[in-house]
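A.B. asks: I have a structure here, written as structure tokens, and I will follow up with some questions on it.
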Amino acid sequence: MPEHSNLPSPYESPWALLRRDLRAVVASLGLQARELWRRNREGSLPRPSFWPITLAAWFWPLLLTAVLSLAVVAWMLVTWMLVEPLVVDGARADDGHGHGEVRVVPIESIAPSIAPSIAPAEPLAPPKPTTAPAPLQIDPLLNLLTQEEGGSLILSARPEPDVGRLVLMLAPAFNALPQARRQERSEHWLNRSHDLGYDSLVLLDDSGQPLGRQALVGSGMILLSPPLGS
């Protein structure tokens with residue numbers, strides 16, 4: 001009496017078993033096909049009674065060929081019936097005498113992308129009317145300073161915000177003032193420039209020559225001697 005082993009059964013991969021079974025199925029189908037081919041050649045396969053015995057081996061090949069041909073013809077008819085309505089409208093208008101006409105659908109309605117699409121040109125926009133340049137306005141800073149006492153002595157005010165400086169160009173009448181008056185007006189402009197947010201003040205005459213600047217040490221303005229001929 002054989003002894004039973006306590007070891008588990010060896011593992012077999014299901015994919016290996018599937019490959020083995022597939023090979024067995026293919027081999028079985030091959031054997032059956034060879035058997036059918038042999039029996040057809042011998043004329044032992046079933047066939048209609050009217051089929052001649054001498055042509056027994058041709059019955060099934062001809063039948064299979066006819067079935068495949070009918071399938072191909074049926075597929076072509078179905079394809080033609082599906083494509084034909086896209087090109088020709090099959091509805092016929094009967095005029096009462098049994099006559100009708102086939103209405104051809106324009107190709108633009110079938111494939112709009114084929115028809116040339118030319119967008120209408122957009123009308124040119126009318127030229128914008130040229131506006132006259134705005135009249136020159138007085139610098140707001142100059143306008144603010146000229147409204148004060150002695151403002152008529154200022155010809156222009158040029159701010160230099162990158163260095164925090166205000167440059168005033170003065171009229172020749174400034175040099176004609178007494179020294180004390182010129183010092184008073186320059187001190188007033190210095191204080192006014194500080195009120196406006198500037199750190200320093202420079203005074204120039206009408207030709208661009210320096211007339212005064214803020215003191216580097218201490219406070220107040222340092223006035224320079226007016227150029228000769230002023």
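Scheme for the structure tokens: letters A, B, ... for chains in order shown; per-chain residue numbers from 1; ligand numbers from 1 in order shown.
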Would you mind listing what lies within 7 Å of Asp199 (chain A) as an NGL selection string, with only C-alpha atoms counted and same-chain residues fewer than 3 positions away left out?
C.D. replies: :A and (164-165 or 194)
A.B. asks: For a test of reading the model, state the distance in Å between CA of Gly43 (chain A) and CA of Ser28 (chain A), rounded to one decimal.
C.D. replies: 22.2 Å
A.B. asks: Measure the distance from CA of Val163 (chain A) to CA of Asp195 (chain A) in Å and round it to one decimal.
C.D. replies: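 CA of Asp195 (chain A) lies 16.1 Å from CA of Val163 (chain A).
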A.B. asks: CA of Gln32 (chain A) and CA of Thr54 (chain A), how far apart in Å?
C.D. replies: 24.0 Å
